[in-house]
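Peer 1: The structure follows.
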Amino acid sequence: MGENFDSSNMMEGVKVVSILDLLKWRRPISGTFSLLPPKPLTAPPSTCGGAITRNPNSSRELKVLKSLANPSIIIGTLSLPKSDDSSSPNSGCDHHCFSFSDDSASVCCDVLGFDVRMIGKKVYILAWNFIPFKHRGGFLEIIKWKSQKDSSSSVDLIDLFPLVLGSFSVGEGSHKARYRVTGILGSISPVSDVPCTVDSVQNDASGMRSTKTVHGFIVQFFACECKLCSSNDITRNLFYVIDDQERHSFSKKVFAYFSRSSSSWHPAFSKLIGSVISLSRLRKKLVYIKKEEALLMFVTTDETCLHMPKLDKKRLSLSNTAIRGKGECGDYAGVVRSIHLQGMVVELDDEVWLLLTDQLLTFPHSVRVGAVICARNVHFVIPKFSWRKMLLLGACCKTSIIVATFSPLEARCHLPSQSQSQLGKYIQSLVFSARLWLLLVAQCFRKKFTGKFSEKGILGSKHSEGLAQAYAKSILPSLLFQPLHGIFMQFCKHDSCGCCSELNFSSLTLVVPFVNFINNCEVLWIKSLVQKKGGLEMIEHKRHVSCLRDFPSFGQLVRKTIPSKEIGVTLLGNLKVSACTGRLQLMDATGSIDAVVPDLPSTWSINDIYEVTNYTLVLEGVPERMNHAMMLDNDSFSCRSIFSCLPSERETGLGIYVFFTWRNASHRCFPTDHGLDSNNSMELGSGTFHLLHLSHIFPVQPNFHDHMLLSERSSMFAEALVLPWDLCLIESKGAALPIRVSKDKEEECWLNGFTCKSTNSPCNWVQSSGTNNLEIKSSSHSIDLCNFFHKCRRGYNSSCTSLVEIPCSVTIRGLHGESMVNSGILSPNRADCRGRIRRLKKVLLEFSSENFLKYKSLCVGAYYITKHCMEESFCNYVDPNYDSKVVIKPGMQFWSLSFSFNESDSNSDPPQSPSSEHCSSSVILSAGYNQAGLVFHSCNGINHDNFVDINLHVPADAVHLLDMKHQALNEGRNTNYVMPIDIACHCQPKDGRTIAKLQCPEASQSGCPLLEGDLVSLHGTVVALHSYDSCPPDGNSCDGSSDGIHLLGLFQGGRIYICLHVLIDDRTVKIDGSLTKYNYPIGLGPGANVNFHRILAFSGHNRFMLTPVSFISVNYVEEVTGSCSNKPSNLRPPFSFGCILPETLSLCSIFDLIHSSECKPRRFHCRVVAVHILMLERINKLDSLLSKIHYRIPVVDIPLAGFVLDDGSSPCCCWANGETAATFLRLHEEMPETSFGSCWWGLEGMGRAKACRTPCLHLDKILKKHGRITVKNYGSIHDSLCQDLHLSVGSDCILSTLDENVLKFIILNACSSINLCVVGHVMHSDAQGAYSNTSDQIDPAREQSLFCSVSGMPMTRMESRKRKG
Amino acid sequence: MESHSLRDTHVKLLAFDLLSLTRTPSLSSSSFDPFSFSRKGIQISRVEALGVVVTRELKPDKFLKFSIDDGTGCIQCVLWLNQLNSPYFSRRCPSDVRLIAQMALIFSTRVQLGLVVRVRGRIAGFRGLVQITVEDVVVERDPNSEILHWLDCMKLAHQHYDILRGK
């Protein structure tokens, strides 16, 4: 690119741009000498090292540099950076880059086609880019240049350049500087200051030595040791060496140190890597790179000269190492796609990450987005991260970054900060894969904890370590660290410094912002769907849609569980209960994700940061409803998405939540977390506690005016039974001591002053020690409770006035996994005059919105204790028959409770639960997982030690006194009324169901027909769920029954309508109704084991309805793949075609069907050709009408519908039922729109929502006017365009032209449908006659009179797959 | 079964089959095409084809000419957009003609280069080549639709169209 240029040839009209002009303009601009002919502004991308480059596509948002309108040149001088930084012309830049100056000013610059000869000469810049810096100055990219014609150019083949200008003298120079080096320039270190002990120049003779800092860089040569190369005549020999390089073996490593003023040659030598050069007049020095290790090294002097051939443009690649991604050194060329973290991370091509974390390393300003760069001597690492595959290029002190082509884009220059933070040093001590991980963590932390911690707090400063570093320290194993050395050691002993041996550590998990996590769930969802069966499983489930659906457009819900190991991401965030949904969530500054924690202690803190590494991600969704193509484009775990701006949270259409157990969540207390009170949980302390059994939770009734958020005035209610026992926790002297049961422990230990004797009996007490979740089970130690009870009785009997006292041991589960054992006494709180314990007392607990958290943590059927308070009415015994209301105050705390009974007499048995039921569930629940799926909470209200805050160990001999469960249920029989509606509850449970009666006094007085049924509690497994935001099931799902009408008034507000098929004792029942978002439990759907509390059972029907007091809790969920095997075989859902599953029918053609003698139903695929006859009516049955009006679905009934179908084998006329006819007519699909503006059929007052664009709504309006409309086709039935449709109306009104057009358009639209899957059979002759009579005006004989009654739906991918199979 | 039994059926044909139909001068006065088409001796008039739109030429208010490629050949299709001016529709009710024109416009917007479309229509000849006078156009989103169409065509040809010839 550098050529001689004769200024006299300069074209007229070419403007000479001065540097000062560029600096004044302060905008990115490019200019060229010749605007015609149009040539690309930049040279085509070149490759080096065999790497393939690609065009940048991430930079599409960047504009291409604007060019000066007129031809222009810049004339000036290119010079090396000054060796002393203070007087650098381009002050403010310590990049050691070239500077370009003219008479007006100087700027930093980089040059393509660099030639050493241009240094210090006047050059003409013919093509250039100028990028201003952010604050002042700018950067000139010289694309093409020419030098002025040099009349005095020598005829030598080799050019000679003194490294220190003006210092060259002909002759041999000083006797010390007599050495020379000829070889290939291999690598070059960054410029650095090194402490150096040197002979004092002044006192050389005296041998005085002093230490000072030397500024310079090291160059590694590969020299040849042949005679020619070693000869003295460099000038002549270098030519021969270059001319015949293949005959030389450049294998000997030689190091030269460029110190002091020659250090300014750094940018020039960077560009000469791979060239054969010669240096003369060097000195030799012994350099101590370590205390005991010295290296003989050449050092430049003021007389040192560089010898270069005139014409050599060859670059040799010395790297011939096979790249396997384990830290090998090599070259890589690629297009810069993005630059992050102040230039520490550069993305090349597609997910190739160049790490420039070396603090000494600076890259040229010309490394901008869109530039083609060549990274020489980088380490190739392929990290084994489970979350992402990528190629990592680790830069070390030997790395040089050369720009091969400047970016044509307006991307800015990056100026890395040179601040020496602790984090930077820490990063440098890590292997490359861990460096990237830490940078990602730091970036994620910045996003996650914005607002909670300062930037400094997260990243740290020069003197203090930040959050990211503290976190990394706790995670990274020592083997990921590498020793730090000085620059000489690192450079000269590079291979032995461990830099090339990259250790791959696969277990580093990513901590991503939740918004990334949620967005990536879509990708995980697709992956999980296509994982099996070559990607076809995702459509498998569709077959169930047909058998379980009530509404044509809904598919079956699929639930996928993905263990955290497969995701490779750690969750880190605070826990909170969402005010919008009432669900527990893990949250950070970017977003939140629903969490299910079965063993969540009541005393968790909202301020603490929790880390969850072991969890299960649950994804629920209907594959058809999602745009899979869009999702696969997005990968939120890519480094690019983490480094770049936060993605916006999208509507995923997926139910996403994580499931983990509390003991798998470790609490993080970060050092900078001073301002937050992490221990705000209430201490249990000592005193009297009431025992409660929670019998019911009343759903949240949100404020009607504000459906989105819980109103401050809202109250929530729960119903509890106050047990006749109070728990007195004994005040011990000093704090209760935690007991860790271990084999290695002493035989005796102290427990609150009482001796625990070790016995040989096995013990199942499980104590978590510390936060590391280590469980130690003891089989030979148990606490001798008898001894303890004895002492307890002796100590406290005198103070208690009750007749019976049961001493017990209380195990308190701590917030962070630790267990404490305390002692207590159970004493009756209500005894009558004869000493008998009175019945249970029922209370209604009222929670204000500020106690929403407490309300949400309650669980029906669980036991709780709450501290006795004089103000509340738990102990209001004035009228024991009166059920009172207790307003829960902010200070009141509930601790969940479980009982275990110690067989004091028989030490051989472990502590037994009162029922076998408990035992079995305990086994299942112990880990939070069972074989079936994820256990959300304990079944049937039975608690387990792992799930509760407090466990009461009661001696076995007290069981008969304390059989609270039986007492509670038995006494409940007599209870009659509970607010807010009259409920009689808690009959003796039978087959898992409890019966209650619903009474509506007002309704009975008014004499209107009543809903009659019982309020029951059910326990079963959901096999299908259909939910409707605004379009709930049609009449079929409501069975056309009038039962549902009178409750409709209660179903208002922002609710979701659901219909559930639940399997209970091998029977499937249907439960429908509506739920608010607050009460919609996580996991409700197929495969969920669910408790339904107080739902309405219609007498005589196999149907149940959710009422406003109904409460649903999910016990556990299973994965639902949608395959047939998941479904119970006895499920026979409502299906309008004689309970036939379409997939069980054989596929045939219409031709075969109409020629078969049998009347069996068959399945075929066809399209609608024309309409034969249609009768459209508004639904006239009151019950159906009301339900449909309520559900806001159009009330169109199609009692008669004849269509002509064609499948390619033959056309045929088919009679369809109303539902199928609606499908054929595409009544629920959007009407097509032309691109020519609004459609002519658009009706006034119709919205633009999808529902408003369906034909159904238009039909509804027309039918409201006319009641019934009959459409008959008197034209062709084989050509949709030749149909002659005649419309007649049932009313006296005349059908308007607009309405007529709408109807005809609907029919024409129906005739251009996609393929339909239709089930039909040839009709019996008598049925044919009946249909012929109905459509008497049309002569059925004029076409093939072959009739089928059909049930159809659009053909799905499942269908298509089956057909291919 | 008589040989004209496929007359009102939308016969599913692959391009190579469609382009090799035999063209004979039509004797029927009812037909608007001067030629009738037959496959292996069986007369057919309507066809259903599926393929990727590879060319598209729009003459506003006149016609949209496009071709679809189903992997075995390219089928020329014409979608008329001149219903409001055409004498052919002059006997029809004007509101019906407007409707048909509106539908044709909708179909024309569906025909976009690169999309897989299913086309039904009449077989017609134009300058010695077979083309489809389009009745309706549906865009196929299902990636399996092309292969299914091939299978349908082959199955129908094997089990129905070829058999009818022998009867």
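We name chains A, B, ... following the order of the structure tokens; residues begin at 1 in each chain, and ligands are numbered from 1 as shown.
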Chain B near chain A within 7 Å: what's each residue's closest atom pair and its distance in Å to one decimal, counting only C-alpha atoms, ordered by chain then ascending residue number, as a Markdown table?
Peer 2:
| residue | atom | partner | partner_atom | distance |
| --- | --- | --- | --- | --- |
| B:Asp8 | CA | A:His1278 | CA | 6.1 |
| B:Thr9 | CA | A:Ser1210 | CA | 5.3 |
| B:His10 | CA | A:Gly1208 | CA | 5.2 |
| B:Val11 | CA | A:Gly1208 | CA | 4.8 |
| B:Lys12 | CA | A:Gly1208 | CA | 5.5 |
| B:Leu99 | CA | A:Phe1305 | CA | 6.6 |
| B:Ile100 | CA | A:Leu1281 | CA | 6.7 |
| B:Leu105 | CA | A:Thr1234 | CA | 6.8 |
| B:Ile106 | CA | A:Thr1234 | CA | 5.3 |
| B:Thr109 | CA | A:Thr1234 | CA | 7.0 |
| B:Glu135 | CA | A:Leu1281 | CA | 6.9 |
| B:Asp136 | CA | A:Ser1312 | CA | 5.9 |
| B:Val137 | CA | A:Ser1312 | CA | 6.9 |
| B:Val138 | CA | A:Ile1314 | CA | 6.6 |
| B:Asp142 | CA | A:Arg1357 | CA | 6.8 |
| B:Asn144 | CA | A:Ser1360 | CA | 6.7 |
| B:Leu148 | CA | A:Lys1364 | CA | 6.9 |
| B:Leu156 | CA | A:Ser1209 | CA | 6.6 |
| B:His160 | CA | A:Ser1209 | CA | 6.6 |
Peer 1: Name the residues of range 355-414 of chain A that fall into strand (DSSP E or B) according to DSSP on the backbone, using the chain letters and numbers of this document, as a ChimeraX atom specification.
Peer 2: /A:355,372-381,391-405,409
Peer 1: Name the residues in contact with Leu21 in chain B at a cut-off of 9 Å, using only C-alpha atoms, excluding same-chain residues fewer than 2 positions from it; report them as a short mmCIF file (atom, residue, chain, number, x, y, z; two decimals) with N, CA, C and O atoms, in the first residue's frame.
Peer 2:
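That gives us around_16.cif:
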data_model
loop_
_atom_site.label_atom_id
_atom_site.label_comp_id
_atom_site.auth_asym_id
_atom_site.auth_seq_id
_atom_site.Cartn_x
_atom_site.Cartn_y
_atom_site.Cartn_z
N ASP B 17 -46.27 -35.03 -13.34
CA ASP B 17 -47.46 -35.72 -13.81
C ASP B 17 -48.40 -34.72 -14.48
O ASP B 17 -48.96 -34.99 -15.55
N LEU B 18 -48.52 -33.59 -13.83
CA LEU B 18 -49.45 -32.56 -14.34
C LEU B 18 -48.98 -32.03 -15.69
O LEU B 18 -49.76 -31.85 -16.61
N LEU B 19 -47.68 -31.84 -15.80
CA LEU B 19 -47.14 -31.25 -17.03
C LEU B 19 -47.15 -32.24 -18.19
O LEU B 19 -46.98 -31.85 -19.34
N ARG B 23 -53.46 -33.40 -23.88
CA ARG B 23 -54.41 -32.34 -24.16
C ARG B 23 -55.17 -32.70 -25.44
O ARG B 23 -54.55 -32.93 -26.48
N PHE B 37 -58.24 -32.17 -20.60
CA PHE B 37 -56.99 -32.82 -20.23
C PHE B 37 -57.28 -34.20 -19.65
O PHE B 37 -58.29 -34.40 -18.96
N SER B 38 -56.40 -35.10 -19.97
CA SER B 38 -56.59 -36.45 -19.44
C SER B 38 -55.25 -37.02 -19.02
O SER B 38 -54.18 -36.65 -19.53
N ARG B 39 -55.35 -37.89 -18.05
CA ARG B 39 -54.17 -38.59 -17.54
C ARG B 39 -54.43 -40.08 -17.73
O ARG B 39 -55.36 -40.62 -17.14
N LYS B 40 -53.61 -40.65 -18.54
CA LYS B 40 -53.72 -42.08 -18.84
C LYS B 40 -55.15 -42.44 -19.24
O LYS B 40 -55.75 -43.41 -18.76
N VAL B 130 -49.35 -26.53 -19.72
CA VAL B 130 -50.44 -26.75 -18.77
C VAL B 130 -50.29 -25.73 -17.65
O VAL B 130 -49.19 -25.49 -17.14
#
Peer 1: Can you tell me which residues surround Lys59 in chain B at a distance of at most 12 Å, considering only C-alpha atoms, apart from same-chain residues fewer than 4 positions away, and format the answer as number ranges by chain?
Peer 2: B: 63-66, 78-82, 105, 108
Peer 1: What does the distance from CA of Ala49 in chain B to CA of Leu6 in chain B come to in Å, to one decimal?
Peer 2: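 The value is 15.5 Å.
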